[in-house]
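Colleague: my_file-v3.pdb is the file, holding PDB, C-alpha atoms, pLDDT in the B column:
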```
ATOM      1  CA  MET A   1     141.359 113.424 106.613  1.00 51.00           C
ATOM      2  CA  ASP A   2     138.796 115.985 107.467  1.00 62.00           C
ATOM      3  CA  GLN A   3     135.542 114.720 106.090  1.00 67.00           C
ATOM      4  CA  GLU A   4     132.356 116.544 106.657  1.00 69.00           C
ATOM      5  CA  GLU A   5     129.768 114.451 108.463  1.00 71.00           C
ATOM      6  CA  TYR A   6     126.390 114.217 106.823  1.00 72.00           C
ATOM      7  CA  ARG A   7     123.388 113.601 109.012  1.00 82.00           C
ATOM      8  CA  LEU A   8     119.748 113.763 108.170  1.00 79.00           C
ATOM      9  CA  PRO A   9     117.616 115.978 110.365  1.00 85.00           C
ATOM     10  CA  PRO A  10     115.503 114.098 112.915  1.00 86.00           C
ATOM     11  CA  ARG A  11     112.274 115.357 111.313  1.00 89.00           C
ATOM     12  CA  THR A  12     113.245 113.807 107.970  1.00 89.00           C
ATOM     13  CA  LEU A  13     114.099 110.495 109.626  1.00 89.00           C
ATOM     14  CA  PHE A  14     110.805 110.544 111.519  1.00 92.00           C
ATOM     15  CA  ILE A  15     108.878 111.134 108.283  1.00 92.00           C
ATOM     16  CA  SER A  16     110.804 108.265 106.717  1.00 93.00           C
ATOM     17  CA  PHE A  17     109.911 105.976 109.621  1.00 94.00           C
ATOM     18  CA  LEU A  18     106.240 107.008 109.438  1.00 94.00           C
ATOM     19  CA  LEU A  19     106.099 106.325 105.699  1.00 95.00           C
ATOM     20  CA  VAL A  20     107.491 102.811 105.922  1.00 96.00           C
ATOM     21  CA  SER A  21     105.587 101.817 109.056  1.00 96.00           C
ATOM     22  CA  GLY A  22     102.408 103.418 107.730  1.00 96.00           C
ATOM     23  CA  GLY A  23     102.844 101.563 104.447  1.00 96.00           C
ATOM     24  CA  TYR A  24     103.130  98.275 106.320  1.00 97.00           C
ATOM     25  CA  VAL A  25     100.105  98.962 108.514  1.00 97.00           C
ATOM     26  CA  LEU A  26      98.133 100.024 105.452  1.00 97.00           C
ATOM     27  CA  SER A  27      99.089  96.850 103.557  1.00 96.00           C
ATOM     28  CA  VAL A  28      97.968  94.636 106.445  1.00 96.00           C
ATOM     29  CA  THR A  29      94.760  96.632 106.902  1.00 97.00           C
ATOM     30  CA  VAL A  30      93.934  96.442 103.205  1.00 97.00           C
ATOM     31  CA  LEU A  31      94.591  92.681 103.250  1.00 95.00           C
ATOM     32  CA  PHE A  32      92.117  92.179 106.104  1.00 94.00           C
ATOM     33  CA  ILE A  33      89.507  94.456 104.525  1.00 96.00           C
ATOM     34  CA  LEU A  34      89.831  92.646 101.198  1.00 95.00           C
ATOM     35  CA  ALA A  35      89.684  89.226 102.864  1.00 91.00           C
ATOM     36  CA  PHE A  36      86.585  90.169 104.853  1.00 91.00           C
ATOM     37  CA  SER A  37      84.870  91.721 101.828  1.00 93.00           C
ATOM     38  CA  LEU A  38      85.619  88.767  99.576  1.00 92.00           C
ATOM     39  CA  ALA A  39      84.577  86.292 102.257  1.00 89.00           C
ATOM     40  CA  THR A  40      81.308  88.152 102.712  1.00 89.00           C
ATOM     41  CA  ALA A  41      80.624  88.097  98.970  1.00 88.00           C
ATOM     42  CA  PHE A  42      81.919  84.673  97.929  1.00 85.00           C
ATOM     43  CA  SER A  43      82.419  82.487 100.971  1.00 81.00           C
ATOM     44  CA  PRO A  44      80.025  83.022 103.901  1.00 82.00           C
ATOM     45  CA  GLU A  45      81.141  79.694 105.393  1.00 81.00           C
ATOM     46  CA  THR A  46      84.529  81.307 106.002  1.00 80.00           C
ATOM     47  CA  LEU A  47      82.968  84.041 108.123  1.00 80.00           C
ATOM     48  CA  GLU A  48      80.901  81.442 109.957  1.00 81.00           C
ATOM     49  CA  ALA A  49      84.030  79.418 110.752  1.00 79.00           C
ATOM     50  CA  ILE A  50      85.912  82.494 111.920  1.00 77.00           C
ATOM     51  CA  GLY A  51      82.992  83.375 114.209  1.00 78.00           C
ATOM     52  CA  ASN A  52      83.310  80.052 116.072  1.00 76.00           C
ATOM     53  CA  GLU A  53      85.161  79.693 119.330  1.00 79.00           C
ATOM     54  CA  PRO A  54      88.950  79.834 118.905  1.00 78.00           C
ATOM     55  CA  ALA A  55      89.460  76.152 119.746  1.00 80.00           C
ATOM     56  CA  ILE A  56      86.857  75.014 117.224  1.00 80.00           C
ATOM     57  CA  PHE A  57      88.240  77.385 114.580  1.00 76.00           C
ATOM     58  CA  GLU A  58      91.791  76.111 115.128  1.00 78.00           C
ATOM     59  CA  GLN A  59      90.601  72.503 114.866  1.00 81.00           C
ATOM     60  CA  GLN A  60      88.760  73.265 111.601  1.00 79.00           C
ATOM     61  CA  LEU A  61      91.801  75.096 110.303  1.00 77.00           C
ATOM     62  CA  ASN A  62      94.065  72.134 111.044  1.00 77.00           C
ATOM     63  CA  ASN A  63      91.635  69.510 109.736  1.00 79.00           C
ATOM     64  CA  ASN A  64      90.477  71.143 106.507  1.00 78.00           C
ATOM     65  CA  PRO A  65      92.044  74.533 105.719  1.00 76.00           C
ATOM     66  CA  ALA A  66      90.638  74.497 102.151  1.00 75.00           C
ATOM     67  CA  GLU A  67      87.129  74.636 103.607  1.00 77.00           C
ATOM     68  CA  ILE A  68      87.877  77.756 105.618  1.00 77.00           C
ATOM     69  CA  LEU A  69      89.972  79.524 102.975  1.00 81.00           C
ATOM     70  CA  PRO A  70      88.807  78.139  99.619  1.00 84.00           C
ATOM     71  CA  GLN A  71      90.659  78.870  96.388  1.00 85.00           C
ATOM     72  CA  LYS A  72      87.703  80.889  95.073  1.00 86.00           C
ATOM     73  CA  LEU A  73      88.531  83.334  97.861  1.00 89.00           C
ATOM     74  CA  TYR A  74      92.328  83.087  97.641  1.00 91.00           C
ATOM     75  CA  TRP A  75      93.020  83.977  93.993  1.00 94.00           C
ATOM     76  CA  PRO A  76      90.997  87.215  93.903  1.00 95.00           C
ATOM     77  CA  LEU A  77      92.518  88.131  97.268  1.00 94.00           C
ATOM     78  CA  LEU A  78      96.021  87.544  95.900  1.00 96.00           C
ATOM     79  CA  VAL A  79      95.431  89.727  92.828  1.00 97.00           C
ATOM     80  CA  LEU A  80      93.643  92.535  94.660  1.00 97.00           C
ATOM     81  CA  ASP A  81      96.211  92.617  97.466  1.00 97.00           C
ATOM     82  CA  ALA A  82      99.050  92.751  94.931  1.00 97.00           C
ATOM     83  CA  LEU A  83      97.338  95.704  93.222  1.00 97.00           C
ATOM     84  CA  ALA A  84      96.914  97.425  96.580  1.00 97.00           C
ATOM     85  CA  CYS A  85     100.594  96.879  97.398  1.00 97.00           C
ATOM     86  CA  LEU A  86     101.517  98.294  93.991  1.00 97.00           C
ATOM     87  CA  GLY A  87      99.681 101.468  94.962  1.00 97.00           C
ATOM     88  CA  ILE A  88     101.208 101.515  98.427  1.00 97.00           C
ATOM     89  CA  GLY A  89     104.714 101.109  96.997  1.00 96.00           C
ATOM     90  CA  PHE A  90     104.007 103.955  94.581  1.00 97.00           C
ATOM     91  CA  ALA A  91     102.713 106.207  97.366  1.00 96.00           C
ATOM     92  CA  VAL A  92     105.635 105.475  99.689  1.00 96.00           C
ATOM     93  CA  ALA A  93     108.167 106.232  96.953  1.00 95.00           C
ATOM     94  CA  ARG A  94     106.272 109.360  95.958  1.00 94.00           C
ATOM     95  CA  LEU A  95     106.126 110.714  99.509  1.00 94.00           C
ATOM     96  CA  ALA A  96     109.636 109.697 100.594  1.00 93.00           C
ATOM     97  CA  PRO A  97     111.795 112.727 101.383  1.00 90.00           C
ATOM     98  CA  PHE A  98     114.989 111.008 100.157  1.00 89.00           C
ATOM     99  CA  ALA A  99     116.102 107.648  98.718  1.00 89.00           C
ATOM    100  CA  LYS A 100     112.696 107.002  97.203  1.00 92.00           C
ATOM    101  CA  MET A 101     113.309 103.485  95.921  1.00 94.00           C
ATOM    102  CA  ALA A 102     115.076 102.518  99.140  1.00 94.00           C
ATOM    103  CA  HIS A 103     111.879 103.226 101.069  1.00 95.00           C
ATOM    104  CA  SER A 104     109.927 100.864  98.802  1.00 96.00           C
ATOM    105  CA  ILE A 105     112.637  98.221  99.126  1.00 96.00           C
ATOM    106  CA  PHE A 106     112.590  98.450 102.907  1.00 96.00           C
ATOM    107  CA  LEU A 107     108.784  98.215 102.957  1.00 97.00           C
ATOM    108  CA  ALA A 108     108.883  95.180 100.637  1.00 97.00           C
ATOM    109  CA  ILE A 109     111.365  93.452 102.946  1.00 97.00           C
ATOM    110  CA  ILE A 110     109.160  94.080 105.984  1.00 97.00           C
ATOM    111  CA  ILE A 111     106.091  92.724 104.153  1.00 97.00           C
ATOM    112  CA  PHE A 112     108.068  89.665 103.043  1.00 97.00           C
ATOM    113  CA  ILE A 113     109.260  88.928 106.564  1.00 97.00           C
ATOM    114  CA  GLY A 114     105.737  89.340 107.964  1.00 95.00           C
ATOM    115  CA  PHE A 115     104.344  86.730 105.562  1.00 95.00           C
ATOM    116  CA  LEU A 116     107.353  84.481 106.177  1.00 95.00           C
ATOM    117  CA  GLN A 117     106.612  84.472 109.907  1.00 95.00           C
ATOM    118  CA  LEU A 118     102.964  83.633 109.231  1.00 92.00           C
ATOM    119  CA  ALA A 119     103.877  80.851 106.795  1.00 92.00           C
ATOM    120  CA  ILE A 120     106.271  79.202 109.226  1.00 93.00           C
ATOM    121  CA  GLY A 121     103.589  78.804 111.902  1.00 86.00           C
ATOM    122  CA  ALA A 122     100.647  78.049 109.597  1.00 83.00           C
ATOM    123  CA  PRO A 123      99.075  74.641 108.965  1.00 80.00           C
ATOM    124  CA  ALA A 124     100.409  72.861 105.882  1.00 78.00           C
ATOM    125  CA  GLY A 125      97.249  73.527 103.880  1.00 78.00           C
ATOM    126  CA  LEU A 126      97.622  77.286 104.312  1.00 84.00           C
ATOM    127  CA  GLN A 127     101.372  77.570 103.858  1.00 88.00           C
ATOM    128  CA  TRP A 128     101.229  77.621 100.066  1.00 90.00           C
ATOM    129  CA  MET A 129      98.690  80.458 100.205  1.00 90.00           C
ATOM    130  CA  LEU A 130     100.884  82.510 102.496  1.00 92.00           C
ATOM    131  CA  ILE A 131     103.926  81.771 100.340  1.00 94.00           C
ATOM    132  CA  GLY A 132     101.987  83.069  97.330  1.00 94.00           C
ATOM    133  CA  LEU A 133     101.201  86.282  99.204  1.00 95.00           C
ATOM    134  CA  MET A 134     104.792  86.385 100.441  1.00 95.00           C
ATOM    135  CA  ALA A 135     105.995  86.328  96.827  1.00 95.00           C
ATOM    136  CA  SER A 136     103.460  88.611  95.166  1.00 97.00           C
ATOM    137  CA  THR A 137     103.015  91.491  97.584  1.00 97.00           C
ATOM    138  CA  PRO A 138     106.680  92.490  98.019  1.00 97.00           C
ATOM    139  CA  VAL A 139     107.230  92.278  94.255  1.00 97.00           C
ATOM    140  CA  ALA A 140     104.166  94.459  93.701  1.00 98.00           C
ATOM    141  CA  THR A 141     105.476  96.943  96.276  1.00 97.00           C
ATOM    142  CA  LEU A 142     108.812  97.118  94.468  1.00 97.00           C
ATOM    143  CA  LEU A 143     107.068  97.553  91.119  1.00 97.00           C
ATOM    144  CA  GLY A 144     105.022 100.397  92.583  1.00 97.00           C
ATOM    145  CA  GLY A 145     108.170 102.144  93.787  1.00 95.00           C
ATOM    146  CA  ARG A 146     109.844 101.611  90.427  1.00 96.00           C
ATOM    147  CA  LEU A 147     106.768 102.890  88.603  1.00 96.00           C
ATOM    148  CA  CYS A 148     106.853 106.048  90.703  1.00 95.00           C
ATOM    149  CA  ILE A 149     110.510 106.627  89.819  1.00 94.00           C
ATOM    150  CA  LEU A 150     109.777 106.088  86.123  1.00 94.00           C
ATOM    151  CA  LEU A 151     106.707 108.332  86.045  1.00 93.00           C
ATOM    152  CA  THR A 152     108.158 111.185  88.076  1.00 88.00           C
ATOM    153  CA  GLY A 153     111.381 111.276  86.085  1.00 76.00           C
ATOM    154  CA  THR A 154     114.971 110.519  86.825  1.00 56.00           C
ATOM    155  CA  PRO A 155     115.925 111.024  90.452  1.00 57.00           C
ATOM    156  CA  SER A 156     117.926 114.147  91.140  1.00 52.00           C
ATOM    157  CA  PRO A 157     121.275 113.920  92.988  1.00 53.00           C
ATOM    158  CA  GLU A 158     119.515 115.005  96.201  1.00 52.00           C
ATOM    159  CA  ASN A 159     117.163 112.031  96.275  1.00 48.00           C
ATOM    160  CA  ALA A 160     119.022 109.437  94.231  1.00 53.00           C
ATOM    161  CA  ASP A 161     119.617 106.061  95.838  1.00 51.00           C
ATOM    162  CA  HIS A 162     123.283 105.373  96.405  1.00 44.00           C
TER     163      HIS A 162
END
```
Show how you would write the structure in this file as structure tokens.
Modeller:
Amino acid sequence: MDQEEYRLPPRTLFISFLLVSGGYVLSVTVLFILAFSLATAFSPETLEAIGNEPAIFEQQLNNNPAEILPQKLYWPLLVLDALACLGIGFAVARLAPFAKMAHSIFLAIIIFIGFLQLAIGAPAGLQWMLIGLMASTPVATLLGGRLCILLTGTPSPENADH
């Protein structure tokens, strides 16, 4: 049974790694930028609480998390972050050198696990918010990857996911 081994060149694997890790870093960065921008516009008390000493902030977070992260800040953040992840999923699938949808799937899994880790250690009042982000952002990332596949046409045998 002589089967020819198929290996991807190291450069292609490095580009693949950079795309997925860059997509994750970009999604986290966009989340923080959106949260800061929305807090500045709609909830200055959130910025004031975050500016306190860490012990005071943690006590406020445990005592009344809805005061620090109110729903008027959460829902726009959820929608805008999902839209950003849709774009990131699209970009990652578009730039992937092979297995375009697989790159978006892998990125969605990493984003899901990141929010899962945050939700496990968060106070009870914040867990439902993190679970909402944990559900919406990976789905949006997958939809972005799928949208890219649909808009760019059917994958060719060279880049089809197997």
Colleague: If we count only C-alpha atoms, what is near segment 124-129 of chain A at a cut-off of 8 Å, once residues fewer than 6 positions away on the same chain are taken out, given as a PyMOL selection string?
Modeller: chain A and resi 62+64-66+74
Colleague: Identify all residues satisfying the PyMOL selection byres ((chain A and resi 48) around 12) in the given file; provide them as a ChimeraX atom specification.
Modeller: /A:36,39-40,43-47,49-53,56-57,60,67-69
Colleague: Applied to this file, what does the PyMOL selection byres ((chain A and resi 108-117) around 12) return in terms of residues, put as a count of residues only?
Modeller: 51
Colleague: Grab the atom CA of Tyr6 of chain A to atom CA of Arg94 of chain A distance for me, in Å with one decimal place.
Modeller: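 Distance reported for this atom pair: 23.4 Å.
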Colleague: Can you report as JSON the centre and edge lengths in Å, to one decimal, of an axis-aligned box around the listed atoms of segment 72-85 of chain A padded with 3 Å on each side?
Modeller:
```
{"center_x": 94.1, "center_y": 89.2, "center_z": 95.3, "size_x": 18.9, "size_y": 22.5, "size_z": 11.0}
```
Colleague: Given the choices A:Gly87, A:Pro123, A:Gly153, A:Pro54, which gets closest to Val30 of chain A if the distance is worked out from all atoms listed in the file?
Modeller: A:Gly87
Colleague: Counting all atoms listed in the file, figure out which residue out of A:Arg11, A:Leu38, A:Ile149, A:Leu95 gets nearest to Trp75 of chain A.
Modeller: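 Of A:Arg11, A:Leu38, A:Ile149, A:Leu95, the one nearest Trp75 of chain A is A:Leu38, counting all atoms listed in the file.
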Colleague: What does the distance between atom CA of Cys148 of chain A and atom CA of Leu34 of chain A come to in Å, to one decimal place?
Modeller: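 Going from atom CA of Cys148 of chain A over to atom CA of Leu34 of chain A, I get 24.1 Å.
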Colleague: Give me, please, the distance in Å between atom CA of Val79 of chain A and atom CA of Phe17 of chain A, quoted to one decimal.
Modeller: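 Pair atom CA of Val79 of chain A / atom CA of Phe17 of chain A returns 27.5 Å.
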Colleague: Of the candidates A:Thr12, A:Phe42, A:Phe98, A:Ser37, which one gets nearest to Pro70 of chain A if we count all atoms listed in the file?
Modeller: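 The shortest atom-to-atom distance to Pro70 of chain A comes from A:Phe42.
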